[in-house]
There are 4 protein chains.
Amino acid sequence: MFKSFASDNASGAHPKVVESVIAANKNHAKAYGYDEFTKKAELKFKEHFGGNIDVYFVFNGTAANVIGLAGITSSYSSIICADVAHINTDECAAPQKFIGCRLLTVPTSDGKINIEGIKKHVIRVGDHHYAQPKVISITQSTEYGTVYTSLEIRRIADYAHKNGMFLHMDGARLANAAASLNVTMKELTLDAGVDVLSFGGTKNGIMFGDAIVFFHPEYAKDFKYIRKQGMQLASKMRFISCQFEALLSNNLWLDNAKHANKMATLLARELGGIPEIKITQNVEANAVFVIMPKKLIPVLQEKYYFYIWNEENSEVRLMTAFDTTEDDIKDFVSTIQDCLQKTTVKS
Amino acid sequence: MFKSFASDNASGAHPKVVESVIAANKNHAKAYGYDEFTKKAELKFKEHFGGNIDVYFVFNGTAANVIGLAGITSSYSSIICADVAHINTDECAAPQKFIGCRLLTVPTSDGKINIEGIKKHVIRVGDHHYAQPKVISITQSTEYGTVYTSLEIRRIADYAHKNGMFLHMDGARLANAAASLNVTMKELTLDAGVDVLSFGGTKNGIMFGDAIVFFHPEYAKDFKYIRKQGMQLASKMRFISCQFEALLSNNLWLDNAKHANKMATLLARELGGIPEIKITQNVEANAVFVIMPKKLIPVLQEKYYFYIWNEENSEVRLMTAFDTTEDDIKDFVSTIQDCLQKTTVKS
Amino acid sequence: MFKSFASDNASGAHPKVVESVIAANKNHAKAYGYDEFTKKAELKFKEHFGGNIDVYFVFNGTAANVIGLAGITSSYSSIICADVAHINTDECAAPQKFIGCRLLTVPTSDGKINIEGIKKHVIRVGDHHYAQPKVISITQSTEYGTVYTSLEIRRIADYAHKNGMFLHMDGARLANAAASLNVTMKELTLDAGVDVLSFGGTKNGIMFGDAIVFFHPEYAKDFKYIRKQGMQLASKMRFISCQFEALLSNNLWLDNAKHANKMATLLARELGGIPEIKITQNVEANAVFVIMPKKLIPVLQEKYYFYIWNEENSEVRLMTAFDTTEDDIKDFVSTIQDCLQKTTVKS
Amino acid sequence: MFKSFASDNASGAHPKVVESVIAANKNHAKAYGYDEFTKKAELKFKEHFGGNIDVYFVFNGTAANVIGLAGITSSYSSIICADVAHINTDECAAPQKFIGCRLLTVPTSDGKINIEGIKKHVIRVGDHHYAQPKVISITQSTEYGTVYTSLEIRRIADYAHKNGMFLHMDGARLANAAASLNVTMKELTLDAGVDVLSFGGTKNGIMFGDAIVFFHPEYAKDFKYIRKQGMQLASKMRFISCQFEALLSNNLWLDNAKHANKMATLLARELGGIPEIKITQNVEANAVFVIMPKKLIPVLQEKYYFYIWNEENSEVRLMTAFDTTEDDIKDFVSTIQDCLQKTTVKS
């Protein structure tokens with residue numbers, strides 16, 4: 001049986017999400033988001049993120065980021081983000097293609113960016129040769145599995161707003177961050193000054209779908225056209241929205257995230273006991289980054305699928321999900337130990 | 001209970017499709033299409049459309065059309081299509097935005113275009129002021145619910161190829177066309193000279209998802225990048241592909257389409273008996289276009305949702321779906337008769 | 001010696017324009033439009049078009065139209081224009097590529113569009129499937145050499161503004177229209193409700209360069225970035241602006257246009273006397289459209305270069321320029337007569 | 001009288017260039033590049049760069065770079081360049097907007113990039129999440145006024161070709177590099193493996209205009225459409241091409257470049273004698289980078305216009321041009337000395 005630490009995307013959907021999909025399939029419903037399931041899901045978002053928001057459902061995280069950013073930028077804008085930001089390294093230039101903009105990257109060793117680094121790009125205001133900085137985009141939890149505190153976010157938001165910019169959050173794993181910090185998602189977004197949020201569900205137990213949350217609906221005035229032109233208007237939208245309804249009900253989002261985080265912590269603890277393996281990032285959400293002996297990797301990948309983050313130093317990324325079990329981790333760790341012994345691969 | 005003749009998009013998913021989704025949710029699976037469900041679905045496509053094809057799953061029909069066309073055009077290309085083509089009138093300029101191209105429209109009264117009309121645009125070859133015609137795009141079944149025969153398609157394909165162009169088919173309702181003509185889908189595509197097909201499932205009983213079929217894989221060499229940059233790469237792709245696997249198995253696609261077509265024929269027959277109502281297009285698939293008394297429309301829309309196709313002459317579009325029942329039609333028709341009597345709305 | 005009725009683009013520059021270029025070449029000057037020549041040229045524009053305008057110089061008419069329109073549209077906008085509009089037929093899809101928008105065309109037999117035709121596209125307001133009409137674009141004088149009166153423009157402007165749209169004028173030959181109607185250019189633009197003007201000089205005696213005039217500077221707030229990103233910011237901008245300074249001084253623009261118009265009238269009169277030739281459009285500016293015997297065309301093109309407008313009915317376009325002489329016309333007409341006799345080409 | 005070390009763009013045109021423009025203005029000529037002047041200019045390019053090339057004239061350097069790169073990339077490509085590359089920092093995201101691509105930047109302290117730095121981006125081949133590296137773009141002479149040798153270029157070209165990539169050269173100041181190295185321009189381009197060259201004239205004595213040179217015409221097959229759609233097709237193209245004809249005749253390009261370089265050397269020598277001023281880059285072409293006392297800058301800018309390269313460390317860029325005189329330099333240097341004394345601004 002295939003088991004993966006490659007990505008929280010390798011997991012399926014939570015049973016309650018599937019139930020919600022089955023329930024949504026009863027009758028005819030208006031297409032293109034004018035249905036009751038979508039209305040209910042929007043209300044759920046308002047419960048969690050405040051009543052004065054606009055929510056747009058789209059198909060995936062790429063789109064949530066790209067068209068969400070399109071809603072608050074022009075083609076002559078720049079977006080400031082971490083060098084490891086997903087929008088920078090893993091979207092096949094979709095932001096550039098769809099928006100036309102520049103990404104200005106801030107080097108980071110832990111996935112988090114700070115004002116010192118951001119500042120270097122906020123220059124040449126009014127110079128028509130320079131694509132004008134308009135948005136700061138942060139990822140929560142970060143691509144390295146670390147987490148911004150509310151205060152850190154607030155500082156960046158204040159800096160952004162003082163300089164006429166917006167704060168965007170790639171919240172593909174916002175739930176994991178909230179679970180990690182034991183705060184509400186609202187505290188990490190609206191309350192901390194975030195203007196636009198890409199809220200992901202796929203990595204936290206749904207089948208597919210993302211939501212773009214505008215905390216200032218006036219920015220979203222024409223957004224429905226951007227979504228449609230961005231090829232993200234689902235005809236049977238209920239099948240996205242009903243999943244979010246389930247995810248945001250009865251703390252499912254939180255339970256899933258907490259569990260995934262807990263499994264990452266466990267995994268890190270277990271791996272920490274193996275001298276050949278070095279953990280490289282703080283484990284604050286559901287990712288564990290480790291350097292392992294180069295020769296171990298292919299042997300281990302015969303049984304487990306995971307990403308090599310850095311070929312040069314043999315750093316790999318291990319993700320846990322809502323359905324990772326303690327047994328999965330034990331099995332994985334003991335497989336590592338076996339491999340290390342048998343093959344006597346030592347660094 | 002809400003019942004709709006607005007669109008085949010108003011229906012939900014067929015139970016077998018839902019079963020397939022539930023079954024696909026068992027374990028972890030590789031993300032981004034490297035999973036077993038996607039492989040199986042691809043094989044199903046090869047069963048139906050021939051072995052030498054490339055299949056790419058995307059989220060919806062807008063994307064299937066737009067990025068499929070992007071795969072075979074340049075920004076300085078023109079795409080020739082019917083004036084009523086969905087890509088022309090209903091995609092919020094997504095083709096123009098994503099590809100950069102021109103659409104050259106051929107007037108049509110029944111949704112079908114012919115070489116006479118196409119020819120007028122195939123001019124100024126080599127003139128750099130004129131975006132060069134590169135693709136002819138036809139919709140099968142058409143936006144008016146009519147159907148191209150294999151021979152009609154072959155003629156257009158031959159003309160396209162002779163002039164260095166490709167033939168694209170918007171097959172959002174290809175199943176309905178095949179059911180109508182009692183031919184295989186391959187006969188209407190590969191065998192008739194179609195180069196690229198957008199194959200829709202959403203209107204024929206799945207929850208969401210479209211497939212782009214390249215009949216000459218050499219055109220699709222770099223298409224995976226276009227899909228990703230087009231924001232259409234699903235991380236948990238199995239949840240799209242497994243639906244197609246169900247749809248293309250055990251003739252589900254055909255049974256669904258046949259049924260929808262049959263219901264349209266029934267609806268047309270019933271409406272044909274009402275003197276105040278005039279059927280305006282041949283009913284060859286699952287659409288019925290009728291002109292009805294202007295005053296009838298709002299009264300009827302209190303109970304039924306459907307699209308007004310042409311405000312000026314009170315033409316409306318009525319769509320049937322795989323789950324439309326004879327009772328639905330009887331109820332709809334008797335409601336019309338009631339409304340006509342009670343309100344004495346006469347044209 | 002090469003002589004042409006192909007286009008007013010075939011002529012060179014007026015001696016006074018060349019003088020202005022030579023004069024501008026004296027010293028160093030600030031680059032990118034921060035020079036004195038550009039300031040002076042802007043003042044000239046204010047003399048002609050009113051004091052509260054913003055002027056941006058660009059390289060050519062394609063750019064003036066495309067980026068001017070980009071300044072007042074979104075990618076999900078539609079632009080309504082004549083079917084024969086240059087932006088529709090002769091820009092190689094540059095508007096679609098740069099803006100992303102749809103062009104909605106109004107059929108016209110004389111190059112002019114009216115509200116009846118425009119209205120058919122101003123539908124589906126608020127429908128996210130339909131790229132929303134945002135600009136009406138008219139060409140003055142038109143592609144057929146006809147001219148909109150101030151009143152006709154005002155009517156279209158009022159309709160545009162009442163419907164939340166802008167009026168754009170492709171003024172590649174605005175000078176010819178003003179000369180024809182014996183009114184100022186301001187009467188045909190600002191006073192008639194035009195919001196954005198592409199003002200061409202190339203066809204009226206300069207070497208190269210166009211100006212985009214915003215009659216409501218608030219629309220142009222960020223336009224300098226659009227110009228730069230549109231690859232239209234000249235480093236040595238003085239060499240564009242100084243040409244406009246010459247053109248707009250001492251009535252050069254008007255004298256040039258008047259002369260070109262007069263030559264067209266003369267040409268039409270002369271051709272009108274040849275029974276084998278049929279004039280197809282009113283000659284209101286500097287274009288003469290005629291149908292001539294098919295066999296005559298290649299013979300005539302051995303000596304004269306001109307465009308075949310319509311292959312099917314042998315309609316050709318003949319343009320006069322600021323430097324066309326009466327002798328040129330006599331020579332052209334007598335050549336036609338010779339050809340007709342010698343080759344006995346009769347229709 | 002205004003004198004500038006701001007940019008070689010602040011200078012006007014060389015008298016011989018103006019003469020060529022005047023000569024080109026004699027008669028009518030075919031528009032859009034089908035004229036004799038353009039043909040002659042193309043032949044001149046072949047004299048200098050080899051017979052098997054394709055040359056396209058455009059309006060400016062932004063366009064030459066952006067659409068030249070568009071000719072050899074896809075929207076899902078990456079372009080590797082120096083962090084200080086003009087295409088990266090000074091084109092207002094025009095490459096991103098027009099091409100859709102990513103720029104991958106290599107940090108550099110002297111403007112030159114090497115394979116070590118390039119290599120880090122040539123990863124993830126075939127991974128659809130990663131915009132695929134397709135072009136390496138180098139600037140010759142660099143943004144820091146340094147120069148790549150033929151051998152250095154050859155090494156990068158070989159690396160590019162071995163990895164399925166192209167080598168593009170931003171040759172806005174190629175003439176200065178050739179003059180500096182005492183080699184032909186062909187030795188620095190075709191012979192060194194460059195695939196596409198943006199050849200600038202504006203900074204070397206013409207009024208406006210750039211040329212895109214394809215060393216492998218098969219890459220340029222459809223390029224005329226890209227130029228037109230890129231809004232870079234001049235109607236009266238002769239006024240661009242005739243300038244290049246003059247520039248490339250009788251060694252004007254070389255004399256101009258040699259002179260500018262010589263003046264930079266002189267300027268550097270003079271400034272080198274002032275203890276408060278520190279030269280920061282090798283002076284290999286026509287740029288001198290210096291750090292000067294912060295307080296000196298505004299005082300000096302009252303008389304001279306120049307760019308502050310780095311606000312933080314008071315580094316400024318001083319450019320010489322074909323028309324910079326020894327007197328200009330003496331005047332400039334003595335002004336600096338005066339300012340330093342009078343204001344006793346010391347670092």
# chains A, B, ... in the order shown; residues from 1 in each chain; ligands from 1
>>> residues_around(residues="segment 62-71 of chain B", least_positions_apart="4", cutoff="8 Å", atoms="only C-alpha atoms", output="list in words")
Met231 of chain A; Val58, Ile87, Glu91, Ala94, Pro95, Phe98, Ile99, Val135, His168, Asp170, Val196, Leu197, Ser198, Phe199, Asp210, Ala211, Ile212, Tyr219, Ala220, Phe223, Ile226, Arg227, Gly230 and Gln232 of chain B
>>> write_last_selection(atoms="C-alpha atoms", output="PDB file, in the first residue's frame")
ATOM      1  CA  MET A 231     -10.860  30.146 -15.947  1.00  0.00           C
TER       2      MET A 231
ATOM      3  CA  VAL B  58      -8.350  20.258 -16.309  1.00  0.00           C
ATOM      4  CA  ILE B  87     -15.491  30.789 -26.541  1.00  0.00           C
ATOM      5  CA  GLU B  91     -15.773  33.216 -21.574  1.00  0.00           C
ATOM      6  CA  ALA B  94     -10.483  34.432 -21.502  1.00  0.00           C
ATOM      7  CA  PRO B  95      -9.113  33.286 -24.887  1.00  0.00           C
ATOM      8  CA  PHE B  98      -4.607  33.907 -22.082  1.00  0.00           C
ATOM      9  CA  ILE B  99      -3.671  33.471 -25.744  1.00  0.00           C
ATOM     10  CA  VAL B 135      -7.487  27.208 -35.863  1.00  0.00           C
ATOM     11  CA  HIS B 168     -10.518  22.222 -32.606  1.00  0.00           C
ATOM     12  CA  ASP B 170     -15.463  22.241 -28.171  1.00  0.00           C
ATOM     13  CA  VAL B 196      -7.701  18.882 -30.505  1.00  0.00           C
ATOM     14  CA  LEU B 197     -10.799  18.135 -28.494  1.00  0.00           C
ATOM     15  CA  SER B 198     -12.167  19.681 -25.329  1.00  0.00           C
ATOM     16  CA  PHE B 199     -14.143  16.843 -23.856  1.00  0.00           C
ATOM     17  CA  ASP B 210     -12.821  18.455 -18.519  1.00  0.00           C
ATOM     18  CA  ALA B 211     -10.278  16.647 -20.633  1.00  0.00           C
ATOM     19  CA  ILE B 212      -8.189  17.996 -23.450  1.00  0.00           C
ATOM     20  CA  TYR B 219       1.471  19.165 -30.786  1.00  0.00           C
ATOM     21  CA  ALA B 220       1.240  18.571 -27.064  1.00  0.00           C
ATOM     22  CA  PHE B 223       1.476  21.201 -22.987  1.00  0.00           C
ATOM     23  CA  ILE B 226       0.684  25.414 -20.425  1.00  0.00           C
ATOM     24  CA  ARG B 227      -1.711  23.528 -18.171  1.00  0.00           C
ATOM     25  CA  GLY B 230      -3.008  28.104 -16.966  1.00  0.00           C
ATOM     26  CA  GLN B 232      -5.314  23.995 -14.240  1.00  0.00           C
TER      27      GLN B 232
END
>>> interface_residues(of="chain B", to="chain A", cutoff="9 Å", atoms="only C-alpha atoms", output="JSON, numbers by chain")
{"B": [1, 2, 3, 4, 6, 7, 9, 10, 11, 12, 13, 14, 15, 18, 21, 22, 24, 25, 26, 27, 28, 29, 30, 31, 32, 59, 60, 61, 62, 63, 66, 91, 92, 93, 94, 95, 97, 98, 202, 207, 208, 225, 226, 228, 229, 230, 231, 232, 233, 234, 235, 236, 237, 239, 305]}
>>> atom_distance(atom1="atom CA of Phe214 of chain B", atom2="atom CA of Ser109 of chain B")
29.5 Å
>>> select_by_dssp(residues="segment 174-311 of chain C", states="helix (DSSP H, G or I)", output="number ranges by chain")
C: 174-181, 190-192, 202-204, 217-220, 223-229, 238-247, 252-272, 296-301
>>> residues_around(residues="Leu104 of chain C", least_positions_apart="2", cutoff="8 Å", atoms="only C-alpha atoms", output="list in words")
Ser78, Ile79, Ile80, Cys81, Arg102, Val106 and His121 of chain C
>>> select_by_dssp(residues="segment 292-331 of chain B", states="strand (DSSP E)", output="ChimeraX atom specification")
/B:304-305,307-310,315-319
>>> residues_around(residues="Phe332 of chain D", least_positions_apart="5", cutoff="12 Å", atoms="only C-alpha atoms", output="ChimeraX atom specification")
/D:3-5,266-268,270-271,300-306,318,320,324-327,337-339
